[in-house]
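Everything below belongs to work_8.pdb, which stores PDB, C-alpha atoms.
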```
ATOM      1  CA  MET A 999      12.579 -18.728 -67.881
ATOM      2  CA  LYS A1000      10.999 -15.301 -67.421
ATOM      3  CA  MET A1001       8.845 -14.628 -64.372
ATOM      4  CA  THR A1002       5.828 -12.463 -64.756
ATOM      5  CA  VAL A1003       5.151  -9.577 -62.435
ATOM      6  CA  VAL A1004       2.273 -11.511 -60.869
ATOM      7  CA  ALA A1005       4.533 -14.498 -60.155
ATOM      8  CA  ARG A1006       7.201 -12.276 -58.579
ATOM      9  CA  LEU A1007       4.585 -10.550 -56.466
ATOM     10  CA  GLY A1008       3.289 -13.936 -55.325
ATOM     11  CA  LEU A1009       6.806 -15.043 -54.295
ATOM     12  CA  VAL A1010       7.401 -11.814 -52.380
ATOM     13  CA  MET A1011       4.077 -12.163 -50.548
ATOM     14  CA  ALA A1012       4.794 -15.804 -49.698
ATOM     15  CA  ALA A1013       8.237 -14.879 -48.350
ATOM     16  CA  ALA A1014       6.738 -12.052 -46.291
ATOM     17  CA  ALA A1015       4.111 -14.396 -44.835
ATOM     18  CA  LEU A1016       6.782 -16.964 -43.972
ATOM     19  CA  LEU A1017       8.926 -14.325 -42.230
ATOM     20  CA  ALA A1018       5.936 -12.981 -40.322
ATOM     21  CA  ALA A1019       5.101 -16.469 -39.061
ATOM     22  CA  CYS A1020       8.649 -16.945 -37.770
ATOM     23  CA  GLY A1021       9.001 -13.466 -36.329
ATOM     24  CA  GLY A1022       6.450 -13.684 -33.523
ATOM     25  CA  ARG A1023       7.159 -12.126 -30.169
ATOM     26  CA  PRO A1024       9.084 -14.279 -27.728
ATOM     27  CA  GLU A1025       7.131 -15.482 -24.763
ATOM     28  CA  ALA A1026       7.505 -13.319 -21.679
ATOM     29  CA  PRO A1027       9.436 -15.006 -18.896
ATOM     30  CA  PRO A1028       7.160 -16.212 -16.119
ATOM     31  CA  GLU A1029       6.779 -13.724 -13.295
ATOM     32  CA  ARG A1030       8.792 -14.824 -10.318
ATOM     33  CA  GLU A1031       6.912 -15.202  -7.122
ATOM     34  CA  VAL A1032       7.900 -12.652  -4.515
ATOM     35  CA  SER A1033       8.027 -13.749  -0.916
ATOM     36  CA  LEU A1034       9.192 -11.063   1.462
ATOM     37  CA  SER A1035       9.897 -11.692   5.103
ATOM     38  CA  GLY A1036      11.335  -9.777   8.013
ATOM     39  CA  PRO A1037      10.245  -7.399  10.746
ATOM     40  CA  VAL A1038       8.848  -4.832   8.281
ATOM     41  CA  VAL A1039       6.570  -7.324   6.510
ATOM     42  CA  GLU A1040       2.992  -8.212   7.519
ATOM     43  CA  GLN A1041       2.927  -5.389  10.052
ATOM     44  CA  ARG A1042       0.918  -2.167  10.063
ATOM     45  CA  TRP A1043       3.078   0.917  10.559
ATOM     46  CA  ASN A1044       1.482   4.221  11.642
ATOM     47  CA  LEU A1045       3.131   7.553  10.852
ATOM     48  CA  LEU A1046       4.916   9.076  13.810
ATOM     49  CA  LEU A1047       7.127  11.849  12.430
ATOM     50  CA  VAL A1048       8.152  13.474   9.172
ATOM     51  CA  GLY A1049      11.840  14.266   9.236
ATOM     52  CA  THR A1050      13.239  14.051  12.750
ATOM     53  CA  ASP A1051      10.571  15.918  14.704
ATOM     54  CA  GLU A1052       7.589  17.133  12.666
ATOM     55  CA  ARG A1053       4.173  15.735  13.488
ATOM     56  CA  LEU A1054       1.467  16.085  10.850
ATOM     57  CA  SER A1055      -2.186  16.728  11.584
ATOM     58  CA  LEU A1056      -4.055  14.702   8.977
ATOM     59  CA  PRO A1057      -7.780  13.862   8.646
ATOM     60  CA  GLU A1058      -7.024  10.174   9.311
ATOM     61  CA  PRO A1059      -3.925   8.294  10.456
ATOM     62  CA  ALA A1060      -1.270   7.733   7.798
ATOM     63  CA  TRP A1061      -0.149   4.103   7.704
ATOM     64  CA  PHE A1062       1.173   1.375   5.439
ATOM     65  CA  ARG A1063       1.540  -2.390   5.391
ATOM     66  CA  ILE A1064       3.822  -4.528   3.236
ATOM     67  CA  ALA A1065       2.421  -7.988   2.486
ATOM     68  CA  ALA A1066       4.627 -11.042   1.914
ATOM     69  CA  ASP A1067       3.866 -10.855  -1.817
ATOM     70  CA  GLY A1068       5.401  -7.344  -1.948
ATOM     71  CA  SER A1069       2.134  -5.452  -2.264
ATOM     72  CA  VAL A1070       1.743  -2.265  -0.237
ATOM     73  CA  THR A1071      -1.535  -0.928   1.116
ATOM     74  CA  GLY A1072      -2.218   1.987   3.391
ATOM     75  CA  SER A1073      -3.235   5.612   3.649
ATOM     76  CA  ASP A1074      -1.309   8.868   3.235
ATOM     77  CA  GLY A1075      -3.609  10.452   5.797
ATOM     78  CA  CYS A1076      -6.130  11.517   3.189
ATOM     79  CA  ASN A1077      -6.138   8.976   0.359
ATOM     80  CA  GLN A1078      -5.819   5.226   0.062
ATOM     81  CA  LEU A1079      -2.321   4.155  -0.930
ATOM     82  CA  MET A1080      -1.222   1.127  -2.932
ATOM     83  CA  GLY A1081       1.945  -0.054  -4.642
ATOM     84  CA  ARG A1082       4.864  -2.470  -4.409
ATOM     85  CA  ALA A1083       7.824  -2.843  -2.057
ATOM     86  CA  ASN A1084      11.132  -4.603  -2.429
ATOM     87  CA  LEU A1085      13.504  -5.392   0.415
ATOM     88  CA  GLY A1086      17.222  -5.952  -0.050
ATOM     89  CA  GLU A1087      20.321  -6.624   1.975
ATOM     90  CA  ASN A1088      21.522  -4.199   4.648
ATOM     91  CA  GLN A1089      17.996  -2.923   5.387
ATOM     92  CA  ARG A1090      17.539  -1.696   1.825
ATOM     93  CA  ILE A1091      13.926  -0.806   0.946
ATOM     94  CA  GLU A1092      12.332   0.432  -2.233
ATOM     95  CA  PHE A1093       8.722   1.386  -2.860
ATOM     96  CA  SER A1094       7.529   1.454  -6.468
ATOM     97  CA  GLN A1095       4.335   1.916  -8.457
ATOM     98  CA  LEU A1096       2.863   3.951  -5.600
ATOM     99  CA  ALA A1097      -0.546   5.371  -6.375
ATOM    100  CA  THR A1098      -3.238   7.027  -4.322
ATOM    101  CA  THR A1099      -6.895   7.795  -4.689
ATOM    102  CA  ARG A1100      -7.672  11.461  -5.367
ATOM    103  CA  ARG A1101      -9.901  12.642  -2.550
ATOM    104  CA  ALA A1102      -9.770  16.329  -1.862
ATOM    105  CA  CYS A1103      -8.658  17.120   1.660
ATOM    106  CA  PRO A1104      -7.429  20.328   3.271
ATOM    107  CA  GLN A1105      -4.048  18.777   4.176
ATOM    108  CA  GLY A1106      -3.312  17.521   0.658
ATOM    109  CA  GLU A1107       0.256  18.850   0.742
ATOM    110  CA  ASP A1108       1.017  16.976   3.968
ATOM    111  CA  ALA A1109      -0.509  13.786   2.542
ATOM    112  CA  ALA A1110       1.724  14.185  -0.519
ATOM    113  CA  ARG A1111       4.734  14.444   1.818
ATOM    114  CA  VAL A1112       3.846  11.057   3.306
ATOM    115  CA  LYS A1113       3.755   9.471  -0.153
ATOM    116  CA  GLY A1114       6.983  11.284  -1.046
ATOM    117  CA  MET A1115       8.677   9.839   2.045
ATOM    118  CA  LEU A1116       7.835   6.325   0.896
ATOM    119  CA  GLU A1117       8.966   7.023  -2.672
ATOM    120  CA  THR A1118      12.300   8.400  -1.426
ATOM    121  CA  ALA A1119      12.986   5.714   1.207
ATOM    122  CA  TYR A1120      16.288   3.945   0.611
ATOM    123  CA  ARG A1121      17.134   2.214   3.899
ATOM    124  CA  TYR A1122      15.333   1.514   7.140
ATOM    125  CA  LEU A1123      16.191   0.913  10.772
ATOM    126  CA  ILE A1124      13.972  -0.760  13.357
ATOM    127  CA  ASP A1125      14.392   0.138  17.008
ATOM    128  CA  HIS A1126      11.909  -1.697  19.245
ATOM    129  CA  ASP A1127       8.495  -0.625  17.885
ATOM    130  CA  ARG A1128       9.830   2.200  15.696
ATOM    131  CA  LEU A1129      10.703   2.137  12.002
ATOM    132  CA  VAL A1130      12.860   4.944  10.590
ATOM    133  CA  PHE A1131      13.350   5.604   6.869
ATOM    134  CA  PHE A1132      16.521   7.127   5.468
ATOM    135  CA  GLY A1133      17.044   8.641   2.041
ATOM    136  CA  PRO A1134      19.930   7.774  -0.303
ATOM    137  CA  ASP A1135      21.905  10.626   1.306
ATOM    138  CA  GLN A1136      21.427   9.030   4.780
ATOM    139  CA  ARG A1137      19.069  11.858   5.808
ATOM    140  CA  VAL A1138      16.205  10.848   8.124
ATOM    141  CA  LEU A1139      12.971  10.970   6.148
ATOM    142  CA  GLY A1140      10.581  10.074   8.938
ATOM    143  CA  GLY A1141       9.468   7.576  11.512
ATOM    144  CA  TRP A1142       6.670   5.084  11.930
ATOM    145  CA  ARG A1143       5.373   3.179  14.949
ATOM    146  CA  LYS A1144       4.247  -0.426  14.976
ATOM    147  CA  ALA A1145       0.472  -0.658  15.383
ATOM    148  CA  ASN A1146      -0.813  -2.873  18.169
TER     149      ASN A1146
END
```
Serialized structure, structure tokens:
Amino acid sequence: MKMTVVARLGLVMAAAALLAACGGRPEAPPEREVSLSGPVVEQRWNLLLVGTDERLSLPEPAWFRIAADGSVTGSDGCNQLMGRANLGENQRIEFSQLATTRRACPQGEDAARVKGMLETAYRYLIDHDRLVFFGPDQRVLGGWRKAN
């Protein structure tokens, strides 16, 4: 039996529709709930030093806070700061998705250094009321003091 061009076209379109119906995107896995805990979490930390001994003069205090859900809020000394944090074993810390507002301030370069410190942080150490960040090369990036 010979099939006409119209019949063949109809079969091809039906097959394409059937494949399209079966080829939907898989459902995204549910987002896992993050629950961070430890001495770094739910505490405001104010900037103390950049590197081992440099104090910055910024229009407002630079600070950050990590919430139990992993969200980060704060200020780089000029702009509001927000993002995510992840804590791992052996005092491992990672900040991601950091963003700031874009206010113009005369110490913009210093404010960018504060954000850069957070983006580069690899490990941390807490000594009494002080928090020190280290880079992946074990270099001291800066220090923070627990706010009262």
>> Calculated over all atoms listed in the file, which of the candidates A:Ile1124, A:Ala1109, A:Val1138, A:Met1080 has the smallest distance to Pro1059 (chain A)?
In response: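 Selected residue with least distance to Pro1059 (chain A): A:Ala1109.
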>> Under the PyMOL selection byres ((chain A and resi 1093) around 10), which residues of this model are included? Write them out as number ranges by chain.
In response: A: 1064, 1068-1070, 1080-1085, 1091-1092, 1094-1096, 1113, 1115-1120
> Do you know which residues are at most 7 Å from Val1039 (chain A) counting all atoms listed in the file, after dropping those on the same chain fewer than 3 positions away, and could you put them as an NGL selection string?
Replying inline: :A and (1034-1036 or 1064-1066)
If you count all atoms listed in the file, which residues fall within 9 Å of Cys1103 (chain A), apart from same-chain ones fewer than 3 positions away, as a CSV table (one decimal) with C-alpha atoms, in the frame of the given file?
```csv
chain,number,residue,atom,x,y,z
A,1056,LEU,CA,-4.1,14.7,9.0
A,1057,PRO,CA,-7.8,13.9,8.6
A,1076,CYS,CA,-6.1,11.5,3.2
A,1077,ASN,CA,-6.1,9.0,0.4
A,1106,GLY,CA,-3.3,17.5,0.7
A,1109,ALA,CA,-0.5,13.8,2.5
```
> Just how far from CA of Leu1045 (chain A) is CA of Gly1075 (chain A), in Å to one decimal?
Replying inline: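 Interatomic distance here is 8.9 Å.
Those residues that approach Leu1123 (chain A) to within 10 Å, counting all atoms listed in the file, are Val1038, Asn1088, Gln1089, Arg1090, Arg1121, Asp1125, His1126, Arg1128, Leu1129, Val1130, Phe1131, Phe1132 and Gly1141 of chain A; same-chain residues fewer than 2 positions away are not listed.
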>> What would the selection look like, as a VMD selection string, if the PyMOL selection byres ((chain A and resi 1047) around 10) were run on the coordinates I just shared?
In response: chain A and resid 1044 to 1046 1048 to 1054 1112 1130 1139 to 1143
Okay, now the selection with C-alpha atoms, as a short mmCIF file (atom, residue, chain, number, x, y, z; two decimals), in the frame of the given file?
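Final output, saved to out15.cif:
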```
data_model
loop_
_atom_site.label_atom_id
_atom_site.label_comp_id
_atom_site.auth_asym_id
_atom_site.auth_seq_id
_atom_site.Cartn_x
_atom_site.Cartn_y
_atom_site.Cartn_z
CA ASN A 1044 1.48 4.22 11.64
CA LEU A 1045 3.13 7.55 10.85
CA LEU A 1046 4.92 9.08 13.81
CA VAL A 1048 8.15 13.47 9.17
CA GLY A 1049 11.84 14.27 9.24
CA THR A 1050 13.24 14.05 12.75
CA ASP A 1051 10.57 15.92 14.70
CA GLU A 1052 7.59 17.13 12.67
CA ARG A 1053 4.17 15.74 13.49
CA LEU A 1054 1.47 16.08 10.85
CA VAL A 1112 3.85 11.06 3.31
CA VAL A 1130 12.86 4.94 10.59
CA LEU A 1139 12.97 10.97 6.15
CA GLY A 1140 10.58 10.07 8.94
CA GLY A 1141 9.47 7.58 11.51
CA TRP A 1142 6.67 5.08 11.93
CA ARG A 1143 5.37 3.18 14.95
#
```
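Picture a line from CA of Gly1086 (chain A) to CA of Gln1136 (chain A); it runs 16.3 Å.
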>> Restricting the calculation to all atoms listed in the file: of A:Arg1063, A:Lys1144, A:Arg1101, A:Arg1137, which residue gets closest to Glu1040 (chain A)?
In response: A:Arg1063
>> As an exercise, work out the distance from CA of Pro1104 (chain A) to CA of Thr1071 (chain A) in Å and give it to one decimal place.
In response: 22.2 Å
With N, CA and C atoms as the target, complete region 1053-1077 of chain A and hand it back as a compact mmCIF listing (two decimals), keeping the file's coordinate frame.
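Writing done, so here's rebuild_4.txt:
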```
# COMPACT_ATOMS: atom_id res chain seq x y z
N ARG A 1053 5.41 16.52 13.45
CA ARG A 1053 4.17 15.74 13.49
C ARG A 1053 3.16 16.40 12.56
N LEU A 1054 2.47 15.56 11.77
CA LEU A 1054 1.47 16.08 10.85
C LEU A 1054 0.08 15.90 11.44
N SER A 1055 -0.79 16.84 11.18
CA SER A 1055 -2.19 16.73 11.58
C SER A 1055 -2.99 16.42 10.33
N LEU A 1056 -3.35 15.16 10.17
CA LEU A 1056 -4.06 14.70 8.98
C LEU A 1056 -5.47 14.26 9.33
N PRO A 1057 -6.40 14.26 8.36
CA PRO A 1057 -7.78 13.86 8.65
C PRO A 1057 -7.92 12.44 9.20
N GLU A 1058 -7.03 11.55 8.80
CA GLU A 1058 -7.02 10.17 9.31
C GLU A 1058 -5.57 9.75 9.48
N PRO A 1059 -5.31 8.71 10.25
CA PRO A 1059 -3.92 8.29 10.46
C PRO A 1059 -3.28 7.82 9.15
N ALA A 1060 -2.05 8.24 8.93
CA ALA A 1060 -1.27 7.73 7.80
C ALA A 1060 -0.63 6.42 8.23
N TRP A 1061 -0.69 5.41 7.37
CA TRP A 1061 -0.15 4.10 7.70
C TRP A 1061 0.17 3.35 6.42
N PHE A 1062 0.95 2.28 6.56
CA PHE A 1062 1.17 1.38 5.44
C PHE A 1062 1.43 -0.03 5.97
N ARG A 1063 1.29 -0.98 5.08
CA ARG A 1063 1.54 -2.39 5.39
C ARG A 1063 2.12 -3.04 4.15
N ILE A 1064 3.21 -3.77 4.32
CA ILE A 1064 3.82 -4.53 3.24
C ILE A 1064 3.44 -5.99 3.43
N ALA A 1065 2.80 -6.58 2.43
CA ALA A 1065 2.42 -7.99 2.49
C ALA A 1065 3.60 -8.84 2.00
N ALA A 1066 3.55 -10.12 2.30
CA ALA A 1066 4.63 -11.04 1.91
C ALA A 1066 4.81 -11.12 0.40
N ASP A 1067 3.75 -10.83 -0.36
CA ASP A 1067 3.87 -10.86 -1.82
C ASP A 1067 4.44 -9.56 -2.38
N GLY A 1068 4.80 -8.60 -1.51
CA GLY A 1068 5.40 -7.34 -1.95
C GLY A 1068 4.41 -6.23 -2.19
N SER A 1069 3.12 -6.51 -2.06
CA SER A 1069 2.13 -5.45 -2.26
C SER A 1069 2.09 -4.54 -1.04
N VAL A 1070 1.82 -3.28 -1.29
CA VAL A 1070 1.74 -2.26 -0.24
C VAL A 1070 0.33 -1.70 -0.23
N THR A 1071 -0.26 -1.60 0.94
CA THR A 1071 -1.54 -0.93 1.12
C THR A 1071 -1.38 0.06 2.25
N GLY A 1072 -2.28 1.03 2.30
CA GLY A 1072 -2.22 1.99 3.39
C GLY A 1072 -2.99 3.25 3.10
N SER A 1073 -2.61 4.31 3.79
CA SER A 1073 -3.24 5.61 3.65
C SER A 1073 -2.16 6.68 3.85
N ASP A 1074 -2.24 7.75 3.05
CA ASP A 1074 -1.31 8.87 3.24
C ASP A 1074 -1.87 9.90 4.21
N GLY A 1075 -2.96 9.54 4.87
CA GLY A 1075 -3.61 10.45 5.80
C GLY A 1075 -4.83 11.11 5.19
N CYS A 1076 -5.00 10.95 3.90
CA CYS A 1076 -6.13 11.52 3.19
C CYS A 1076 -6.67 10.52 2.17
N ASN A 1077 -5.78 9.88 1.45
CA ASN A 1077 -6.14 8.98 0.36
C ASN A 1077 -5.62 7.57 0.61
```
